[in-house]
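Undergrad: Just final.tsv, nothing more (TSV, C-alpha atoms):
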chain	number	residue	atom	x	y	z
A	1	MET	CA	31.39	59.80	-4.61
A	2	GLU	CA	29.24	60.70	-7.62
A	3	ASN	CA	28.24	57.06	-8.11
A	4	SER	CA	26.96	56.92	-4.53
A	5	LEU	CA	24.44	59.73	-5.07
A	6	GLY	CA	20.84	58.72	-5.64
A	7	LEU	CA	17.71	57.51	-3.89
A	8	ALA	CA	19.56	54.97	-1.72
A	9	HIS	CA	22.01	57.62	-0.55
A	10	PHE	CA	19.14	60.04	0.10
A	11	LEU	CA	17.32	57.45	2.22
A	12	GLY	CA	20.50	56.78	4.14
A	13	GLN	CA	20.92	60.47	4.93
A	14	SER	CA	17.25	61.23	5.73
A	15	ASP	CA	15.76	61.11	9.19
A	16	ALA	CA	12.60	59.44	10.50
A	17	LEU	CA	10.33	62.18	9.15
A	18	GLY	CA	11.73	61.92	5.64
A	19	LYS	CA	11.38	58.15	5.65
A	20	GLY	CA	7.85	58.47	7.01
A	21	LEU	CA	6.90	60.78	4.15
A	22	LEU	CA	8.36	58.33	1.66
A	23	VAL	CA	6.38	55.45	3.21
A	24	THR	CA	3.21	57.56	3.01
A	25	LEU	CA	3.77	58.18	-0.69
A	26	LEU	CA	4.43	54.50	-1.22
A	27	LEU	CA	1.18	53.51	0.53
A	28	LEU	CA	-0.81	56.04	-1.50
A	29	SER	CA	0.72	54.73	-4.69
A	30	VAL	CA	-0.02	51.09	-3.83
A	31	ALA	CA	-3.61	51.94	-2.86
A	32	SER	CA	-4.16	53.94	-6.05
A	33	TRP	CA	-2.81	51.24	-8.37
A	34	TYR	CA	-4.72	48.53	-6.51
A	35	LEU	CA	-7.97	50.43	-7.02
A	36	ILE	CA	-7.10	51.24	-10.62
A	37	VAL	CA	-6.66	47.56	-11.44
A	38	THR	CA	-9.54	46.16	-9.37
A	39	ARG	CA	-12.08	48.85	-10.22
A	40	GLY	CA	-11.08	48.78	-13.86
A	41	ILE	CA	-11.68	45.02	-14.08
A	42	ALA	CA	-14.93	45.26	-12.09
A	43	ASN	CA	-16.29	48.07	-14.28
A	44	PHE	CA	-15.37	46.20	-17.45
A	45	LEU	CA	-17.18	43.07	-16.26
A	46	ASP	CA	-20.19	45.12	-15.14
A	47	ARG	CA	-20.46	46.73	-18.57
A	48	ARG	CA	-20.36	43.35	-20.32
A	49	ARG	CA	-22.93	41.83	-17.97
A	50	ALA	CA	-25.15	44.91	-18.28
A	51	GLU	CA	-25.17	44.72	-22.07
A	52	ILE	CA	-26.11	41.04	-21.93
A	53	PHE	CA	-28.90	41.69	-19.44
A	54	LEU	CA	-30.30	44.67	-21.34
A	55	GLN	CA	-30.36	42.61	-24.52
A	56	ARG	CA	-32.31	39.89	-22.73
A	57	PHE	CA	-34.57	42.43	-21.06
A	58	TRP	CA	-35.66	44.24	-24.20
A	59	SER	CA	-36.03	41.00	-26.16
A	60	ALA	CA	-38.35	39.50	-23.51
A	61	ASN	CA	-42.05	39.21	-24.27
A	62	SER	CA	-43.26	40.28	-20.82
A	63	LEU	CA	-42.13	41.30	-17.37
A	64	GLN	CA	-42.89	37.79	-16.16
A	65	GLU	CA	-40.29	36.49	-18.58
A	66	VAL	CA	-37.83	39.07	-17.24
A	67	LYS	CA	-38.59	37.89	-13.70
A	68	ALA	CA	-37.95	34.30	-14.72
A	69	THR	CA	-34.67	35.36	-16.32
A	70	LEU	CA	-33.61	37.09	-13.11
A	71	GLN	CA	-34.43	33.97	-11.14
A	72	ALA	CA	-32.36	31.84	-13.50
A	73	HIS	CA	-29.41	34.24	-13.67
A	74	PRO	CA	-28.04	36.18	-10.69
A	75	ALA	CA	-28.38	39.97	-10.65
A	76	ASP	CA	-24.70	40.72	-11.24
A	77	ASN	CA	-24.94	44.24	-12.69
A	78	PRO	CA	-26.66	47.51	-11.72
A	79	PHE	CA	-29.46	47.20	-14.30
A	80	ALA	CA	-30.36	43.66	-13.24
A	81	ARG	CA	-30.35	44.62	-9.57
A	82	LEU	CA	-32.61	47.60	-10.23
A	83	ALA	CA	-35.04	45.50	-12.26
A	84	GLN	CA	-35.10	42.82	-9.58
A	85	GLN	CA	-35.85	45.36	-6.84
A	86	ALA	CA	-38.65	46.91	-8.90
A	87	LEU	CA	-40.26	43.57	-9.73
A	88	GLU	CA	-39.99	42.37	-6.14
A	89	ALA	CA	-41.53	45.61	-4.90
A	90	THR	CA	-44.39	45.24	-7.38
A	91	ALA	CA	-45.03	41.64	-6.34
A	92	ASP	CA	-44.85	42.61	-2.68
A	93	SER	CA	-47.40	45.41	-3.09
A	94	GLU	CA	-49.72	43.09	-5.01
A	95	HIS	CA	-49.43	40.34	-2.39
A	96	TYR	CA	-49.70	42.42	0.78
A	97	GLY	CA	-51.63	45.37	-0.60
A	98	LEU	CA	-50.92	48.99	0.15
A	99	HIS	CA	-51.53	48.81	3.90
A	100	LYS	CA	-47.87	48.95	4.90
A	101	LEU	CA	-46.23	52.25	5.74
A	102	ALA	CA	-43.62	51.74	2.98
A	103	ALA	CA	-46.41	51.62	0.41
A	104	ALA	CA	-48.19	54.72	1.69
A	105	GLY	CA	-49.18	57.05	-1.11
A	106	GLY	CA	-50.09	54.41	-3.63
A	107	ALA	CA	-48.37	51.84	-5.77
A	108	GLY	CA	-46.83	54.45	-8.05
A	109	GLU	CA	-45.20	56.32	-5.19
A	110	PHE	CA	-43.98	53.08	-3.66
A	111	LEU	CA	-42.37	52.00	-6.93
A	112	THR	CA	-40.84	55.45	-7.38
A	113	ARG	CA	-39.20	55.26	-3.96
A	114	VAL	CA	-37.86	51.78	-4.64
A	115	LEU	CA	-36.35	52.85	-7.96
A	116	ARG	CA	-34.88	56.02	-6.50
A	117	ASN	CA	-33.34	54.11	-3.58
A	118	GLY	CA	-31.94	51.55	-6.00
A	119	VAL	CA	-30.28	54.23	-8.12
A	120	ASP	CA	-28.88	55.88	-4.98
A	121	GLN	CA	-27.43	52.56	-3.79
A	122	GLU	CA	-25.73	52.01	-7.13
A	123	ALA	CA	-24.37	55.58	-7.03
A	124	ALA	CA	-22.86	54.91	-3.61
A	125	ARG	CA	-21.41	51.61	-4.81
A	126	VAL	CA	-19.68	53.01	-7.91
A	127	GLU	CA	-18.11	55.81	-5.86
A	128	TYR	CA	-16.00	53.26	-3.98
A	129	GLY	CA	-12.32	54.24	-4.21
A	130	LEU	CA	-12.83	57.77	-5.51
A	131	THR	CA	-11.91	59.24	-2.13
A	132	VAL	CA	-8.54	57.47	-2.27
A	133	PHE	CA	-7.89	58.81	-5.78
A	134	ALA	CA	-8.86	62.34	-4.76
A	135	SER	CA	-6.71	62.19	-1.61
A	136	ALA	CA	-3.69	60.79	-3.42
A	137	GLY	CA	-4.00	63.24	-6.30
A	138	SER	CA	-4.35	66.30	-4.11
A	139	ALA	CA	-2.05	65.44	-1.20
A	140	SER	CA	0.86	63.61	-2.85
A	141	PRO	CA	2.48	66.69	-4.49
A	142	TYR	CA	2.43	68.55	-1.19
A	143	ILE	CA	3.80	65.54	0.67
A	144	GLY	CA	6.62	65.31	-1.86
A	145	LEU	CA	7.25	69.04	-1.68
A	146	PHE	CA	7.41	68.92	2.10
A	147	GLY	CA	9.88	66.04	1.86
A	148	THR	CA	11.98	68.08	-0.56
A	149	VAL	CA	12.05	71.12	1.71
A	150	TRP	CA	12.92	68.96	4.68
A	151	GLY	CA	15.67	67.19	2.75
A	152	ILE	CA	17.17	70.45	1.47
A	153	TYR	CA	17.14	71.85	4.99
A	154	HIS	CA	19.09	68.90	6.34
A	155	ALA	CA	21.45	68.96	3.36
A	156	LEU	CA	22.25	72.62	3.88
A	157	VAL	CA	22.73	72.10	7.61
A	158	ASN	CA	25.19	69.28	6.97
A	159	ILE	CA	27.05	71.33	4.36
A	160	GLY	CA	27.23	74.30	6.73
A	161	MET	CA	28.59	72.12	9.51
A	162	SER	CA	31.20	70.62	7.23
A	163	GLY	CA	32.29	74.06	6.01
A	164	GLN	CA	32.34	72.97	2.36
A	165	GLY	CA	29.87	75.15	0.46
A	166	THR	CA	31.13	74.63	-3.09
A	167	LEU	CA	28.72	73.78	-5.92
A	168	ASP	CA	29.77	70.14	-6.16
A	169	LYS	CA	29.01	69.72	-2.46
A	170	VAL	CA	25.60	71.43	-2.66
A	171	ALA	CA	24.24	70.05	-5.93
A	172	GLY	CA	24.28	66.39	-4.84
A	173	PRO	CA	22.28	66.66	-1.59
A	174	VAL	CA	19.85	69.19	-3.05
A	175	GLY	CA	19.30	67.05	-6.13
A	176	GLU	CA	18.64	64.04	-3.92
A	177	ALA	CA	16.07	66.02	-1.94
A	178	LEU	CA	14.23	66.89	-5.17
A	179	ILE	CA	13.56	63.17	-5.60
A	180	MET	CA	10.70	63.55	-3.12
A	181	THR	CA	8.96	66.06	-5.37
A	182	ALA	CA	9.30	63.70	-8.32
A	183	LEU	CA	7.89	60.84	-6.26
A	184	GLY	CA	4.96	62.98	-5.17
A	185	LEU	CA	4.13	63.80	-8.79
A	186	ALA	CA	4.55	60.15	-9.78
A	187	VAL	CA	1.92	59.21	-7.22
A	188	ALA	CA	-0.44	62.10	-7.96
A	189	ILE	CA	-0.62	61.95	-11.76
A	190	PRO	CA	-2.02	58.37	-12.09
A	191	ALA	CA	-4.44	59.04	-9.23
A	192	VAL	CA	-5.81	62.21	-10.87
A	193	LEU	CA	-6.16	60.53	-14.26
A	194	ALA	CA	-7.91	57.54	-12.68
A	195	TYR	CA	-10.24	59.82	-10.72
A	196	ASN	CA	-11.27	61.68	-13.87
A	197	ALA	CA	-11.74	58.47	-15.86
A	198	PHE	CA	-13.80	56.68	-13.20
A	199	THR	CA	-15.88	59.78	-12.47
A	200	ARG	CA	-16.80	60.13	-16.13
A	201	GLY	CA	-17.63	56.43	-16.38
A	202	ASN	CA	-19.78	56.61	-13.25
A	203	ARG	CA	-21.62	59.66	-14.57
A	204	ILE	CA	-22.46	57.86	-17.83
A	205	LEU	CA	-23.53	54.71	-15.97
A	206	LEU	CA	-25.83	56.59	-13.60
A	207	ALA	CA	-27.39	58.52	-16.48
A	208	ARG	CA	-28.18	55.24	-18.26
A	209	LEU	CA	-29.43	53.72	-15.02
A	210	ASP	CA	-31.72	56.67	-14.37
A	211	ALA	CA	-33.17	56.35	-17.87
A	212	PHE	CA	-33.65	52.63	-17.32
A	213	ALA	CA	-35.46	53.36	-14.04
A	214	HIS	CA	-37.91	55.60	-15.93
A	215	ASP	CA	-38.46	52.82	-18.47
A	216	LEU	CA	-39.08	50.31	-15.69
A	217	PHE	CA	-41.58	52.61	-14.02
A	218	ALA	CA	-43.46	53.11	-17.29
A	219	LEU	CA	-43.51	49.40	-18.15
A	220	ILE	CA	-44.66	48.30	-14.70
A	221	THR	CA	-47.31	50.99	-14.22
A	222	VAL	CA	-48.69	50.63	-17.76
A	223	GLY	CA	-48.80	46.87	-17.30
A	224	ALA	CA	-50.69	47.27	-14.03
A	225	LYS	CA	-53.17	49.66	-15.65
A	226	ALA	CA	-53.64	47.30	-18.58
A	227	ASN	CA	-54.35	44.39	-16.26
A	228	SER	CA	-56.76	46.54	-14.25
A	229	SER	CA	-58.60	47.65	-17.38
A	230	ALA	CA	-58.79	44.09	-18.62
A	231	GLY	CA	-60.26	43.02	-15.31
A	232	GLU	CA	-62.85	45.80	-15.43
A	233	THR	CA	-63.78	44.80	-18.99
A	234	ARG	CA	-64.27	41.18	-17.98
A	235	THR	CA	-66.42	42.28	-15.02
A	236	LEU	CA	-68.60	44.47	-17.23
A	237	ARG	CA	-69.05	41.61	-19.66
A	238	VAL	CA	-70.12	39.23	-16.90
A	239	VAL	CA	-72.56	41.80	-15.48
A	240	GLY	CA	-73.98	42.45	-18.93
A	241	GLN	CA	-74.48	38.78	-19.57
A	242	ARG	CA	-76.27	38.39	-16.22
A	243	GLU	CA	-78.52	41.36	-16.89
A	244	GLY	CA	-79.27	40.08	-20.38
A	245	GLY	CA	-80.12	36.69	-18.96
A	246	LEU	CA	-82.51	38.25	-16.48
Give the structure from this file in structure tokens form.
TA:
Amino acid sequence: MENSLGLAHFLGQSDALGKGLLVTLLLLSVASWYLIVTRGIANFLDRRRAEIFLQRFWSANSLQEVKATLQAHPADNPFARLAQQALEATADSEHYGLHKLAAAGGAGEFLTRVLRNGVDQEAARVEYGLTVFASAGSASPYIGLFGTVWGIYHALVNIGMSGQGTLDKVAGPVGEALIMTALGLAVAIPAVLAYNAFTRGNRILLARLDAFAHDLFALITVGAKANSSAGETRTLRVVGQREGGL
């Protein structure tokens, strides 16, 4: 009889509600571990690609060289996507002018909105899966506890009906019911740890991305001002030469 006690015996004695709670814990566990593996690999690859891109970006001689690099290599990380959006927005404003509603307020405001929207899009992208971690970490212990209470209730009812209330008859069913609490904790602990780890990683990534957005804004606006000043200088020189010739 003692050898028959365990999870299999508990499942055999539980009703539809107990089995449903166990299936719910199983689904939460599978979803959590799937996201842990997939998001972990994706974040690792994104970090490697970002470091490669940032090295190429800061070693480039001009923004035109960066644009050529983005055309040759796909934007496969948040920093490359943000740089591509900023450069495309700058080229679009130069080609079509500032007559569109999106560019209202000037080129600087237009670029600021593009960079802010790009950072917000990346923030929404990196938050994928955090809701599952939070749900599994917060709900799993209570699901397991509810399964334990339900299992103990049925165990005590069966013991009362059998009329055998000795310790050896009570300890087995109650111990089996406590398995649900252990399963709930086994699901919740990895989910909570993963949530904390991914949240910290996302916070660091977004801080770096925000700093990179400020650098992009400075580089693009300073470059535009430099080109404008150079154009004004050339115009003044041409006018001066014409006046001198007259």
Undergrad: List the neighbours of segment 18-20 of chain A out to 9 Å using all atoms listed in the file; skip same-chain residues closer than 3 positions along the sequence, and give me the result as number ranges by chain.
TA: A: 11, 14-15, 23-25, 146-148, 150-151, 180
Undergrad: Can you spit out the residues from that selection as a short mmCIF file (atom, residue, chain, number, x, y, z; two decimals), in the coordinates of the input, using C-alpha atoms?
TA:
data_model
loop_
_atom_site.label_atom_id
_atom_site.label_comp_id
_atom_site.auth_asym_id
_atom_site.auth_seq_id
_atom_site.Cartn_x
_atom_site.Cartn_y
_atom_site.Cartn_z
CA LEU A 11 17.32 57.45 2.22
CA SER A 14 17.25 61.23 5.73
CA ASP A 15 15.76 61.11 9.19
CA VAL A 23 6.38 55.45 3.21
CA THR A 24 3.21 57.56 3.01
CA LEU A 25 3.77 58.18 -0.69
CA PHE A 146 7.41 68.92 2.10
CA GLY A 147 9.88 66.04 1.86
CA THR A 148 11.98 68.08 -0.56
CA TRP A 150 12.92 68.96 4.68
CA GLY A 151 15.67 67.19 2.75
CA MET A 180 10.70 63.55 -3.12
#
Undergrad: I'd like the contact shell of Ala188 of chain A - 6 Å cut-off, all atoms listed in the file, skipping same-chain residues fewer than 5 positions apart - returned as a list of chain:residue names.
TA: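 My list of contacting residues is A:Ala136, A:Gly137, A:Ser140.
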Undergrad: Under the rule that only C-alpha atoms are counted, which of A:Asp46, A:Gln55, A:Arg203, A:Ala83 is the nearest residue to Leu111 of chain A?
TA: A:Ala83
Undergrad: When distances are computed from all atoms listed in the file, which of A:Leu185, A:Leu27, A:Ala60, A:Ala80 shows the smallest separation from Glu122 of chain A?
TA: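 Going through A:Leu185, A:Leu27, A:Ala60, A:Ala80 one by one, the smallest distance to Glu122 of chain A is for A:Ala80.
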Undergrad: Calculated over only C-alpha atoms, which of the candidates A:Gly108, A:Pro78, A:Gly184, A:Pro141 has the smallest distance to Arg47 of chain A?
TA: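 Checking each of A:Gly108, A:Pro78, A:Gly184, A:Pro141 against Arg47 of chain A, counting only C-alpha atoms, the winner is A:Pro78.
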Undergrad: Name all residues at most 10 Å from segment 63-65 of chain A (count all atoms listed in the file; drop same-chain ones fewer than 6 positions away) and give them as a list in words.
TA: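 The filter keeps Arg56, Phe57, Gln71, Ala83, Leu87, Leu216, Leu219, Ile220 and Gly223 of chain A.
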Undergrad: Just the number, please: distance in Å from atom CA of Ile152 of chain A to atom CA of Val187 of chain A, one decimal.
TA: 20.8 Å
Undergrad: Rounded to one decimal place, report the atom CA of Phe217 of chain A-atom CA of Ile52 of chain A distance in Å.
TA: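 Interatomic distance, atom CA of Phe217 of chain A to atom CA of Ile52 of chain A: 20.9 Å.
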Undergrad: As a PyMOL selection string, please: the residues near segment 38-40 of chain A (cut-off 10 Å, all atoms listed in the file, same-chain neighbours under 5 positions excluded).
TA: chain A and resi 33+45-46+126+128-129+194+197-198
Undergrad: Just want the 12 Å neighbourhood of Asn77 of chain A, counted on all atoms listed in the file, with same-chain residues fewer than 4 positions away dropped. Output as an NGL selection string.
TA: :A and (42-54 or 70 or 73 or 81-84 or 122 or 125-126 or 205 or 209)
Undergrad: In Å, how far is it from atom CA of Ala75 of chain A to atom CA of Thr131 of chain A?
TA: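 Spanning atom CA of Ala75 of chain A to atom CA of Thr131 of chain A is a straight-line distance of 26.7 Å.
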Undergrad: Kindly complete segment 18-49 of chain A to N, CA and C atoms; the output should be written as a PDB file, in the coordinates of the input.
TA:
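Produced file result_24.pdb, reproduced below:
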ATOM      1  N   GLY A  18      11.591  62.116   7.074  1.00  0.00           N
ATOM      2  CA  GLY A  18      11.730  61.920   5.640  1.00  0.00           C
ATOM      3  C   GLY A  18      11.348  60.526   5.209  1.00  0.00           C
ATOM      4  N   LYS A  19      11.749  59.524   5.982  1.00  0.00           N
ATOM      5  CA  LYS A  19      11.380  58.150   5.650  1.00  0.00           C
ATOM      6  C   LYS A  19       9.881  57.921   5.824  1.00  0.00           C
ATOM      7  N   GLY A  20       9.300  58.595   6.838  1.00  0.00           N
ATOM      8  CA  GLY A  20       7.850  58.470   7.010  1.00  0.00           C
ATOM      9  C   GLY A  20       7.081  59.053   5.844  1.00  0.00           C
ATOM     10  N   LEU A  21       7.545  60.188   5.320  1.00  0.00           N
ATOM     11  CA  LEU A  21       6.900  60.780   4.150  1.00  0.00           C
ATOM     12  C   LEU A  21       7.020  59.870   2.933  1.00  0.00           C
ATOM     13  N   LEU A  22       8.173  59.241   2.784  1.00  0.00           N
ATOM     14  CA  LEU A  22       8.360  58.330   1.660  1.00  0.00           C
ATOM     15  C   LEU A  22       7.446  57.111   1.782  1.00  0.00           C
ATOM     16  N   VAL A  23       7.290  56.579   2.994  1.00  0.00           N
ATOM     17  CA  VAL A  23       6.380  55.450   3.210  1.00  0.00           C
ATOM     18  C   VAL A  23       4.940  55.855   2.920  1.00  0.00           C
ATOM     19  N   THR A  24       4.564  57.078   3.292  1.00  0.00           N
ATOM     20  CA  THR A  24       3.210  57.560   3.010  1.00  0.00           C
ATOM     21  C   THR A  24       2.949  57.624   1.514  1.00  0.00           C
ATOM     22  N   LEU A  25       3.916  58.147   0.763  1.00  0.00           N
ATOM     23  CA  LEU A  25       3.770  58.180  -0.690  1.00  0.00           C
ATOM     24  C   LEU A  25       3.682  56.775  -1.277  1.00  0.00           C
ATOM     25  N   LEU A  26       4.463  55.877  -0.730  1.00  0.00           N
ATOM     26  CA  LEU A  26       4.430  54.500  -1.220  1.00  0.00           C
ATOM     27  C   LEU A  26       3.067  53.860  -0.971  1.00  0.00           C
ATOM     28  N   LEU A  27       2.496  54.077   0.211  1.00  0.00           N
ATOM     29  CA  LEU A  27       1.180  53.510   0.530  1.00  0.00           C
ATOM     30  C   LEU A  27       0.100  54.110  -0.362  1.00  0.00           C
ATOM     31  N   LEU A  28       0.158  55.414  -0.603  1.00  0.00           N
ATOM     32  CA  LEU A  28      -0.810  56.040  -1.500  1.00  0.00           C
ATOM     33  C   LEU A  28      -0.699  55.499  -2.913  1.00  0.00           C
ATOM     34  N   SER A  29       0.527  55.268  -3.350  1.00  0.00           N
ATOM     35  CA  SER A  29       0.720  54.730  -4.690  1.00  0.00           C
ATOM     36  C   SER A  29       0.179  53.307  -4.806  1.00  0.00           C
ATOM     37  N   VAL A  30       0.471  52.479  -3.807  1.00  0.00           N
ATOM     38  CA  VAL A  30      -0.020  51.090  -3.830  1.00  0.00           C
ATOM     39  C   VAL A  30      -1.545  51.061  -3.799  1.00  0.00           C
ATOM     40  N   ALA A  31      -2.152  51.900  -2.934  1.00  0.00           N
ATOM     41  CA  ALA A  31      -3.610  51.940  -2.860  1.00  0.00           C
ATOM     42  C   ALA A  31      -4.224  52.414  -4.173  1.00  0.00           C
ATOM     43  N   SER A  32      -3.625  53.419  -4.793  1.00  0.00           N
ATOM     44  CA  SER A  32      -4.160  53.940  -6.050  1.00  0.00           C
ATOM     45  C   SER A  32      -4.093  52.887  -7.152  1.00  0.00           C
ATOM     46  N   TRP A  33      -2.942  52.234  -7.303  1.00  0.00           N
ATOM     47  CA  TRP A  33      -2.810  51.240  -8.370  1.00  0.00           C
ATOM     48  C   TRP A  33      -3.658  50.007  -8.103  1.00  0.00           C
ATOM     49  N   TYR A  34      -3.827  49.656  -6.832  1.00  0.00           N
ATOM     50  CA  TYR A  34      -4.720  48.530  -6.510  1.00  0.00           C
ATOM     51  C   TYR A  34      -6.150  48.837  -6.943  1.00  0.00           C
ATOM     52  N   LEU A  35      -6.616  50.051  -6.631  1.00  0.00           N
ATOM     53  CA  LEU A  35      -7.970  50.430  -7.020  1.00  0.00           C
ATOM     54  C   LEU A  35      -8.096  50.599  -8.527  1.00  0.00           C
ATOM     55  N   ILE A  36      -7.056  51.099  -9.168  1.00  0.00           N
ATOM     56  CA  ILE A  36      -7.100  51.240 -10.620  1.00  0.00           C
ATOM     57  C   ILE A  36      -7.313  49.878 -11.289  1.00  0.00           C
ATOM     58  N   VAL A  37      -6.569  48.892 -10.832  1.00  0.00           N
ATOM     59  CA  VAL A  37      -6.660  47.560 -11.440  1.00  0.00           C
ATOM     60  C   VAL A  37      -7.990  46.893 -11.085  1.00  0.00           C
ATOM     61  N   THR A  38      -8.335  46.868  -9.797  1.00  0.00           N
ATOM     62  CA  THR A  38      -9.540  46.160  -9.370  1.00  0.00           C
ATOM     63  C   THR A  38     -10.814  46.827  -9.873  1.00  0.00           C
ATOM     64  N   ARG A  39     -10.889  48.148  -9.748  1.00  0.00           N
ATOM     65  CA  ARG A  39     -12.080  48.850 -10.220  1.00  0.00           C
ATOM     66  C   ARG A  39     -12.173  48.820 -11.736  1.00  0.00           C
ATOM     67  N   GLY A  40     -11.043  48.869 -12.408  1.00  0.00           N
ATOM     68  CA  GLY A  40     -11.080  48.780 -13.860  1.00  0.00           C
ATOM     69  C   GLY A  40     -11.626  47.440 -14.329  1.00  0.00           C
ATOM     70  N   ILE A  41     -11.171  46.349 -13.715  1.00  0.00           N
ATOM     71  CA  ILE A  41     -11.680  45.020 -14.080  1.00  0.00           C
ATOM     72  C   ILE A  41     -13.151  44.890 -13.724  1.00  0.00           C
ATOM     73  N   ALA A  42     -13.526  45.357 -12.521  1.00  0.00           N
ATOM     74  CA  ALA A  42     -14.930  45.260 -12.090  1.00  0.00           C
ATOM     75  C   ALA A  42     -15.850  46.056 -13.008  1.00  0.00           C
ATOM     76  N   ASN A  43     -15.458  47.254 -13.389  1.00  0.00           N
ATOM     77  CA  ASN A  43     -16.290  48.070 -14.280  1.00  0.00           C
ATOM     78  C   ASN A  43     -16.402  47.447 -15.666  1.00  0.00           C
ATOM     79  N   PHE A  44     -15.317  46.858 -16.139  1.00  0.00           N
ATOM     80  CA  PHE A  44     -15.370  46.200 -17.450  1.00  0.00           C
ATOM     81  C   PHE A  44     -16.333  45.017 -17.426  1.00  0.00           C
ATOM     82  N   LEU A  45     -16.266  44.210 -16.371  1.00  0.00           N
ATOM     83  CA  LEU A  45     -17.180  43.070 -16.260  1.00  0.00           C
ATOM     84  C   LEU A  45     -18.622  43.536 -16.094  1.00  0.00           C
ATOM     85  N   ASP A  46     -18.824  44.599 -15.318  1.00  0.00           N
ATOM     86  CA  ASP A  46     -20.190  45.120 -15.140  1.00  0.00           C
ATOM     87  C   ASP A  46     -20.769  45.604 -16.459  1.00  0.00           C
ATOM     88  N   ARG A  47     -19.969  46.253 -17.274  1.00  0.00           N
ATOM     89  CA  ARG A  47     -20.460  46.730 -18.570  1.00  0.00           C
ATOM     90  C   ARG A  47     -20.849  45.559 -19.470  1.00  0.00           C
ATOM     91  N   ARG A  48     -20.033  44.521 -19.501  1.00  0.00           N
ATOM     92  CA  ARG A  48     -20.360  43.350 -20.320  1.00  0.00           C
ATOM     93  C   ARG A  48     -21.633  42.673 -19.837  1.00  0.00           C
ATOM     94  N   ARG A  49     -21.736  42.477 -18.519  1.00  0.00           N
ATOM     95  CA  ARG A  49     -22.930  41.830 -17.970  1.00  0.00           C
ATOM     96  C   ARG A  49     -24.168  42.682 -18.183  1.00  0.00           C
TER      97      ARG A  49
END
